[in-house]
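Visitor: Just so it is clear, I am handing over structure.cif, which has mmCIF, C-alpha atoms and all ligand atoms.
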data_final
loop_
_atom_site.label_atom_id
_atom_site.label_comp_id
_atom_site.auth_asym_id
_atom_site.auth_seq_id
_atom_site.Cartn_x
_atom_site.Cartn_y
_atom_site.Cartn_z
CA MET A 433 44.66 -16.88 2.41
CA LYS A 434 42.74 -16.77 5.68
CA LYS A 435 39.35 -18.41 5.48
CA GLU A 436 36.36 -16.18 6.27
CA ARG A 437 34.48 -17.51 9.26
CA GLU A 438 30.84 -18.35 8.61
CA THR A 439 28.21 -15.89 9.85
CA ILE A 440 25.78 -17.81 12.06
CA CYS A 441 23.35 -15.04 12.82
CA ARG A 442 23.05 -11.31 12.40
CA ALA A 443 20.79 -8.61 13.75
CA VAL A 444 20.23 -5.43 11.79
CA ASN A 445 19.00 -2.27 13.52
CA MET A 446 17.11 -4.27 16.07
CA ARG A 447 14.79 -2.60 18.56
CA LYS A 448 12.88 -4.03 21.49
CA THR A 449 10.16 -2.13 23.27
CA TYR A 450 8.46 -3.52 26.36
CA TRP A 451 5.10 -2.09 27.36
CA ARG A 452 4.15 -1.68 30.97
CA GLY A 453 0.60 -0.46 30.70
CA LYS A 454 0.91 2.69 28.60
CA VAL A 455 4.58 3.22 29.40
CA ALA A 456 7.09 2.06 26.80
CA VAL A 457 10.50 0.80 27.88
CA GLU A 458 12.92 0.90 24.97
CA ALA A 459 15.29 -1.87 25.97
CA LEU A 460 17.10 -2.00 22.60
CA ARG A 461 17.29 1.03 20.34
CA GLY A 462 18.86 -0.07 17.08
CA VAL A 463 21.44 -2.80 17.59
CA THR A 464 23.40 -4.26 14.69
CA ILE A 465 25.59 -7.22 15.50
CA GLN A 466 26.72 -10.47 13.93
CA ILE A 467 27.99 -13.69 15.39
CA ARG A 468 30.45 -15.76 13.42
CA THR A 469 31.80 -19.25 13.99
CA ASN A 470 34.34 -19.37 16.82
CA ASP A 471 33.55 -15.86 18.05
CA TYR A 472 34.15 -15.25 21.77
CA ILE A 473 32.19 -12.14 22.66
CA SER A 474 31.42 -10.57 26.00
CA ILE A 475 28.58 -8.11 26.33
CA MET A 476 29.02 -5.50 29.02
CA GLY A 477 27.02 -2.49 30.18
CA ALA A 478 25.23 -1.03 33.16
CA SER A 479 22.22 -2.72 34.71
CA GLY A 480 19.21 -2.10 32.48
CA SER A 481 21.30 -1.37 29.38
CA GLY A 482 19.65 -4.24 27.48
CA LYS A 483 22.21 -7.06 27.75
CA SER A 484 19.80 -9.84 28.69
CA THR A 485 17.22 -8.57 26.22
CA LEU A 486 19.83 -8.72 23.47
CA ILE A 487 20.98 -12.28 24.11
CA HIS A 488 17.41 -13.47 24.62
CA ILE A 489 16.60 -12.24 21.12
CA LEU A 490 19.84 -13.52 19.61
CA SER A 491 19.11 -16.96 21.07
CA CYS A 492 15.46 -16.86 19.88
CA LEU A 493 14.05 -16.91 23.41
CA ASP A 494 12.36 -13.63 22.48
CA THR A 495 11.63 -11.65 19.30
CA PRO A 496 12.52 -8.05 18.37
CA THR A 497 9.88 -5.33 18.05
CA GLU A 498 11.57 -3.85 14.99
CA GLY A 499 14.56 -4.57 12.80
CA GLU A 500 15.73 -7.78 11.26
CA TYR A 501 17.23 -10.90 12.71
CA PHE A 502 18.72 -13.51 10.41
CA LEU A 503 19.67 -17.05 11.29
CA GLU A 504 21.94 -18.46 8.59
CA ASP A 505 20.58 -15.83 6.18
CA ARG A 506 16.95 -16.64 6.87
CA LEU A 507 14.73 -13.96 8.41
CA VAL A 508 13.58 -15.23 11.80
CA SER A 509 10.33 -13.21 11.66
CA ASN A 510 9.26 -15.55 8.84
CA TYR A 511 9.63 -18.65 11.04
CA THR A 512 6.57 -20.41 12.39
CA ASP A 513 6.47 -21.02 16.15
CA LEU A 514 7.50 -24.61 15.58
CA GLU A 515 10.39 -23.62 13.33
CA LEU A 516 11.50 -21.13 15.96
CA ALA A 517 11.39 -23.74 18.72
CA ASN A 518 13.35 -26.16 16.54
CA ALA A 519 15.91 -23.52 15.60
CA ARG A 520 16.39 -22.58 19.24
CA ASN A 521 16.97 -26.21 20.12
CA LYS A 522 19.28 -26.90 17.20
CA PHE A 523 21.34 -23.72 17.08
CA PHE A 524 21.69 -22.49 20.64
CA GLY A 525 22.66 -23.47 24.13
CA PHE A 526 21.79 -21.14 26.99
CA ILE A 527 23.41 -20.81 30.42
CA PHE A 528 21.79 -18.68 33.12
CA GLN A 529 23.24 -16.98 36.19
CA SER A 530 20.99 -19.06 38.44
CA PHE A 531 21.82 -22.37 36.65
CA SER A 532 18.07 -23.10 36.12
CA LEU A 533 18.40 -26.84 36.58
CA LEU A 534 15.32 -28.93 37.27
CA PRO A 535 15.59 -29.62 41.03
CA ARG A 536 14.06 -33.10 41.03
CA LEU A 537 16.21 -34.46 38.23
CA THR A 538 19.74 -35.83 38.54
CA ALA A 539 22.65 -34.13 36.80
CA LEU A 540 22.46 -36.80 34.10
CA ASP A 541 18.73 -36.29 33.44
CA ASN A 542 19.09 -32.50 33.48
CA VAL A 543 21.78 -32.71 30.82
CA ALA A 544 19.81 -35.22 28.73
CA MET A 545 16.62 -33.11 28.84
CA PRO A 546 17.18 -31.00 25.67
CA LEU A 547 17.58 -34.23 23.70
CA VAL A 548 14.03 -35.22 24.61
CA TYR A 549 12.84 -32.21 22.63
CA ALA A 550 15.20 -33.11 19.81
CA GLY A 551 13.41 -36.47 19.57
CA ILE A 552 16.43 -38.62 20.42
CA GLY A 553 15.91 -42.07 21.99
CA LYS A 554 16.57 -42.69 25.65
CA ASN A 555 19.76 -44.74 25.40
CA ALA A 556 21.34 -42.31 22.96
CA ARG A 557 20.28 -39.40 25.20
CA LEU A 558 21.83 -40.85 28.32
CA GLY A 559 24.96 -41.93 26.45
CA ARG A 560 25.51 -38.45 25.07
CA ALA A 561 24.77 -36.80 28.44
CA ARG A 562 27.26 -39.12 30.20
CA GLU A 563 29.92 -38.33 27.65
CA ILE A 564 29.52 -34.54 28.08
CA LEU A 565 29.39 -34.72 31.88
CA ALA A 566 32.56 -36.79 31.92
CA LYS A 567 34.27 -34.29 29.62
CA ILE A 568 33.38 -31.47 31.96
CA GLY A 569 34.78 -33.32 34.98
CA LEU A 570 31.52 -34.48 36.57
CA ALA A 571 31.70 -38.23 35.97
CA ASP A 572 31.25 -38.78 39.71
CA ARG A 573 28.24 -36.46 40.08
CA MET A 574 25.86 -37.89 37.47
CA SER A 575 23.29 -39.20 39.93
CA HIS A 576 23.38 -36.10 42.16
CA ARG A 577 20.45 -33.71 42.24
CA PRO A 578 21.11 -29.93 42.14
CA ASN A 579 20.76 -29.55 45.94
CA GLU A 580 23.47 -32.20 46.32
CA MET A 581 26.04 -30.22 44.34
CA SER A 582 28.07 -27.03 44.81
CA GLY A 583 27.29 -23.89 42.82
CA GLY A 584 30.25 -24.51 40.53
CA GLU A 585 29.15 -28.08 39.91
CA CYS A 586 25.60 -26.93 39.16
CA GLN A 587 26.93 -24.42 36.66
CA ARG A 588 29.03 -27.13 35.02
CA VAL A 589 25.91 -29.27 34.71
CA ALA A 590 24.16 -26.28 33.11
CA ILE A 591 27.08 -25.92 30.69
CA ALA A 592 26.88 -29.63 29.86
CA ARG A 593 23.14 -29.22 29.25
CA ALA A 594 23.83 -26.28 26.93
CA LEU A 595 26.40 -28.35 25.01
CA VAL A 596 24.48 -31.58 24.68
CA ASN A 597 22.82 -30.59 21.39
CA ASP A 598 26.13 -29.50 19.91
CA PRO A 599 24.87 -25.92 19.47
CA LYS A 600 26.30 -23.41 17.02
CA VAL A 601 26.34 -20.69 19.67
CA ILE A 602 26.55 -20.96 23.44
CA PHE A 603 24.95 -17.98 25.17
CA ALA A 604 25.58 -17.29 28.85
CA ASP A 605 23.97 -14.55 30.95
CA GLU A 606 26.25 -13.71 33.92
CA PRO A 607 27.43 -17.34 34.13
CA THR A 608 29.73 -16.58 37.07
CA GLY A 609 27.42 -14.08 38.79
CA ASN A 610 26.42 -16.48 41.58
CA LEU A 611 29.87 -17.99 42.09
CA ASP A 612 32.89 -17.02 44.16
CA SER A 613 35.86 -15.77 42.15
CA LYS A 614 37.83 -19.03 42.24
CA THR A 615 34.86 -21.09 41.04
CA GLY A 616 34.07 -18.39 38.49
CA ALA A 617 37.62 -18.68 37.15
CA GLU A 618 37.15 -22.45 36.78
CA ILE A 619 33.98 -21.86 34.78
CA MET A 620 35.84 -19.40 32.57
CA GLU A 621 38.52 -22.01 31.91
CA ILE A 622 35.77 -24.23 30.53
CA PHE A 623 34.54 -21.47 28.22
CA ASP A 624 38.10 -20.74 27.07
CA ARG A 625 38.61 -24.41 26.26
CA LEU A 626 35.30 -24.60 24.39
CA VAL A 627 36.37 -21.70 22.19
CA ASP A 628 39.82 -23.26 21.64
CA ASP A 629 37.97 -26.37 20.46
CA GLY A 630 36.11 -24.32 17.83
CA ASN A 631 32.89 -23.47 19.70
CA THR A 632 31.25 -20.05 19.67
CA VAL A 633 30.51 -18.26 22.96
CA VAL A 634 28.59 -15.07 23.69
CA MET A 635 28.39 -14.10 27.35
CA VAL A 636 27.05 -11.24 29.40
CA THR A 637 29.08 -10.06 32.36
CA HIS A 638 29.52 -7.07 34.65
CA ASP A 639 33.01 -8.19 35.61
CA PRO A 640 35.90 -6.81 33.53
CA ASN A 641 38.12 -9.74 34.57
CA ILE A 642 35.57 -12.18 33.19
CA ALA A 643 35.00 -10.08 30.06
CA ALA A 644 38.75 -10.06 29.39
CA HIS A 645 38.57 -13.78 28.53
CA ALA A 646 36.62 -12.93 25.36
CA LYS A 647 38.25 -11.93 22.07
CA LYS A 648 35.79 -9.09 21.62
CA ILE A 649 33.90 -6.86 24.05
CA VAL A 650 30.60 -5.26 23.04
CA ARG A 651 29.45 -2.45 25.31
CA LEU A 652 25.78 -1.57 25.55
CA LYS A 653 24.57 1.79 26.80
CA ASP A 654 20.86 2.64 26.99
CA GLY A 655 20.00 -0.07 24.48
CA MET A 656 22.66 0.86 21.94
CA ILE A 657 26.14 -0.43 21.19
CA GLU A 658 28.80 2.05 22.25
CA HIS A 659 31.52 2.52 19.68
CA GLU A 660 34.76 3.77 21.08
N1 LIG B 701 9.61 -8.18 30.51
C1 LIG B 701 9.88 -6.88 30.66
N2 LIG B 701 8.88 -5.97 30.74
C2 LIG B 701 9.15 -4.66 30.84
N3 LIG B 701 10.40 -4.14 30.88
C3 LIG B 701 11.42 -4.99 30.81
C4 LIG B 701 11.22 -6.41 30.69
N4 LIG B 701 12.43 -7.01 30.64
C5 LIG B 701 13.34 -6.02 30.71
N5 LIG B 701 12.75 -4.80 30.82
C6 LIG B 701 13.42 -3.49 30.88
O1 LIG B 701 14.26 -3.38 29.75
C7 LIG B 701 15.50 -2.77 30.09
C8 LIG B 701 16.64 -3.70 29.73
O2 LIG B 701 16.56 -4.85 30.56
P1 LIG B 701 17.64 -6.03 30.51
O3 LIG B 701 17.13 -7.09 31.39
O4 LIG B 701 17.93 -6.37 29.10
O5 LIG B 701 18.92 -5.30 31.15
P2 LIG B 701 20.35 -5.90 31.55
O6 LIG B 701 21.36 -5.06 30.84
O7 LIG B 701 20.38 -7.35 31.31
O8 LIG B 701 20.41 -5.57 33.11
P3 LIG B 701 21.07 -6.41 34.34
O9 LIG B 701 22.54 -6.14 34.25
O10 LIG B 701 20.47 -5.78 35.55
O11 LIG B 701 20.71 -7.85 34.17
C9 LIG B 701 15.40 -2.43 31.57
O12 LIG B 701 14.99 -1.08 31.70
C10 LIG B 701 14.32 -3.37 32.09
O13 LIG B 701 13.65 -2.80 33.18
MG MG B 702 20.48 -9.00 32.61
#
Please re-express this file's structure in structure tokens.

Guide:
Amino acid sequence: MKKERETICRAVNMRKTYWRGKVAVEALRGVTIQIRTNDYISIMGASGSGKSTLIHILSCLDTPTEGEYFLEDRLVSNYTDLELANARNKFFGFIFQSFSLLPRLTALDNVAMPLVYAGIGKNARLGRAREILAKIGLADRMSHRPNEMSGGECQRVAIARALVNDPKVIFADEPTGNLDSKTGAEIMEIFDRLVDDGNTVVMVTHDPNIAAHAKKIVRLKDGMIEHE
């Protein structure tokens, strides 16, 4: 019998409304979605359809206005701020289109940074960061700063940083958006390998060729999931 994969998190009828003065922007209008272990999901949709809003909430960088969001069956709205920060650190890794590395830190220190917040000692932090960077093919770039690396290398450092805590879900918002197509394809090979190794990846992309790497495509339209 095939084993059911564990549900890591699930959103039920989630809405997000942003207020700009008196004008409401309904970025999400009732989204129900779950993420299970070893899922490989791409989220597509037109600009403004709510893709970033959705993964920001799923990764606990933001909170929904209405609806329920459960992390391992616990309602996130019941978390204290500290619990939320800890959950974000423990459960999720996040990769941005613009890499978002700290410019003054080396690749090694950028990757080790999340472990500072996890309260791990310096030697263990650097050891773990070295191990991940080596795995991702950057053993010879550890002491480089972001402006001393190519875009593809910076994105690999950002992936290493997202992996360093051994997260349950890796979220990526347009991870290849700032890269040429060859470098983008190399980044996608890394994601494919991570999923083959049992990791869970949820990524946003405009590019159908990138989306095709995923096992499941979720399309957003005007803040709702389109069902075909
Ligand atoms: N902080 C904010 N304040 C007000 N409105 C916002 C805010 N963030 C997003 N929005 C609005 O919410 C809607 C959804 O935005 P979101 O960033 O989720 O779209 P997206 O699908 O990621 O778009 P893109 O493909 O351009 O990145 C848009 O209409 C956007 O203008
Ligand atoms: Mg976006």

Visitor: Could you make a table, as a tab-separated table, of the residues of chain A that have an atom within 12 Å of an atom of ligand MG 702 (chain B), each with its nearest atom pair and distance in Å to one decimal, counting only C-alpha atoms and all ligand atoms, in chain and number order?

Guide:
residue	atom	partner	partner_atom	distance
A:Ala459	CA	B:MG702	MG	11.0
A:Ile475	CA	B:MG702	MG	10.3
A:Met476	CA	B:MG702	MG	9.9
A:Gly477	CA	B:MG702	MG	9.5
A:Ala478	CA	B:MG702	MG	9.3
A:Ser479	CA	B:MG702	MG	6.8
A:Gly480	CA	B:MG702	MG	7.0
A:Ser481	CA	B:MG702	MG	8.3
A:Gly482	CA	B:MG702	MG	7.0
A:Lys483	CA	B:MG702	MG	5.5
A:Ser484	CA	B:MG702	MG	4.1
A:Thr485	CA	B:MG702	MG	7.2
A:Leu486	CA	B:MG702	MG	9.2
A:Ile487	CA	B:MG702	MG	9.1
A:His488	CA	B:MG702	MG	9.7
A:Phe528	CA	B:MG702	MG	9.8
A:Gln529	CA	B:MG702	MG	9.2
A:Ser530	CA	B:MG702	MG	11.6
A:Ala604	CA	B:MG702	MG	10.4
A:Asp605	CA	B:MG702	MG	6.8
A:Glu606	CA	B:MG702	MG	7.6
A:Pro607	CA	B:MG702	MG	11.0
A:Gly609	CA	B:MG702	MG	10.6
A:Met635	CA	B:MG702	MG	10.8
A:Val636	CA	B:MG702	MG	7.6
A:Thr637	CA	B:MG702	MG	8.7
A:His638	CA	B:MG702	MG	9.5
A:Leu652	CA	B:MG702	MG	11.5

Visitor: For each of A:Asn518, A:Asn470, A:Ser509, A:Asn542, take the minimum atom-to-atom distance to Leu626 (chain A), counting all atoms listed in the file, then give the residue where this is smallest.

Guide: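 Of A:Asn518, A:Asn470, A:Ser509, A:Asn542, the one nearest Leu626 (chain A) is A:Asn470, counting all atoms listed in the file.
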
Visitor: Quick one: distance from CA of Met446 (chain A) to CA of Phe531 (chain A) in Å, one decimal?

Guide: 27.8 Å

Visitor: Please provide as number ranges by chain all residues within 9 Å of Cys586 (chain A), with the sequence filter that same-chain residues fewer than 3 positions apart are discarded (counting only C-alpha atoms).

Guide: A: 531-533, 539, 578-579, 581-583, 589-591

Visitor: Of the candidates A:Leu570, A:Leu460, A:Ile440, A:Val508, which shows the shortest atom-to-atom distance to ligand LIG 701 (chain B), using all atoms listed in the file?

Guide: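 Closest candidate: A:Leu460.
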
Visitor: Can you tell me which residues surround Pro640 (chain A) at a distance of at most 10 Å, considering all atoms listed in the file, apart from same-chain residues fewer than 3 positions away, and format the answer as a PyMOL selection string?

Guide: chain A and resi 474+476+637+643-645+649

Visitor: At what distance in Å, to one decimal, does CA of Gly525 (chain A) lie from CA of Gly462 (chain A)?

Guide: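 Those two atoms sit 24.7 Å apart.
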
Visitor: Residues at most 10 Å from region 544-559 of chain A, counting all atoms listed in the file, excluding those fewer than 4 positions away in the same chain, as an NGL selection string?

Guide: :A and (517-518 or 521-522 or 525 or 534 or 537-540 or 563-564 or 592-597)

Visitor: From the options A:Arg577, A:Arg562, A:Arg447, A:Arg625, which residue's atoms come nearest to ligand LIG 701 (chain B), counting all atoms listed in the file?

Guide: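 Between A:Arg577, A:Arg562, A:Arg447, A:Arg625, the residue approaching ligand LIG 701 (chain B) most closely is A:Arg447.
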
Visitor: Report, in Å to a single decimal, how far apart CA of His659 (chain A) and atom C1 of ligand LIG 701 (chain B) are.

Guide: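 Answer for the atom C1 of ligand LIG 701 (chain B) to CA of His659 (chain A) separation: 26.0 Å.
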
Visitor: Using only C-alpha atoms and all ligand atoms for the distances, tell me which of A:Lys614, A:Arg452, A:Arg437, A:Arg573 is nearest to ligand LIG 701 (chain B).

Guide: A:Arg452

Visitor: Compile the contact shell of Thr632 (chain A) as a ChimeraX atom specification: residues with an atom at most 10 Å away, counting all atoms listed in the file, same-chain residues fewer than 5 positions apart removed.

Guide: /A:440,467-473,524,599-603,623,626-627

Visitor: Under the rule that only C-alpha atoms and all ligand atoms are counted, which of A:Cys441, A:Arg588, A:Ile489, A:Gln466 is the nearest residue to ligand LIG 701 (chain B)?

Guide: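 When distances to ligand LIG 701 (chain B) are compared using only C-alpha atoms and all ligand atoms, the smallest one comes from A:Ile489.
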
Visitor: Considering only C-alpha atoms and all ligand atoms, can you say which of A:Ile622, A:Val455, A:Ala443, A:Ile465 comes closest to ligand LIG 701 (chain B)?

Guide: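 Comparing A:Ile622, A:Val455, A:Ala443, A:Ile465 against ligand LIG 701 (chain B), the winner is A:Val455.
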
Visitor: Might I get the box with edges along x, y and z of the file that holds all atoms of region 556-575 of chain A listed there, padded by 8 Å on every side, given as centre and edge lengths in Å to one decimal, as AutoDock Vina command-line options?

Guide:
--center_x 27.5 --center_y -36.9 --center_z 31.5 --size_x 30.5 --size_y 26.8 --size_z 33.1
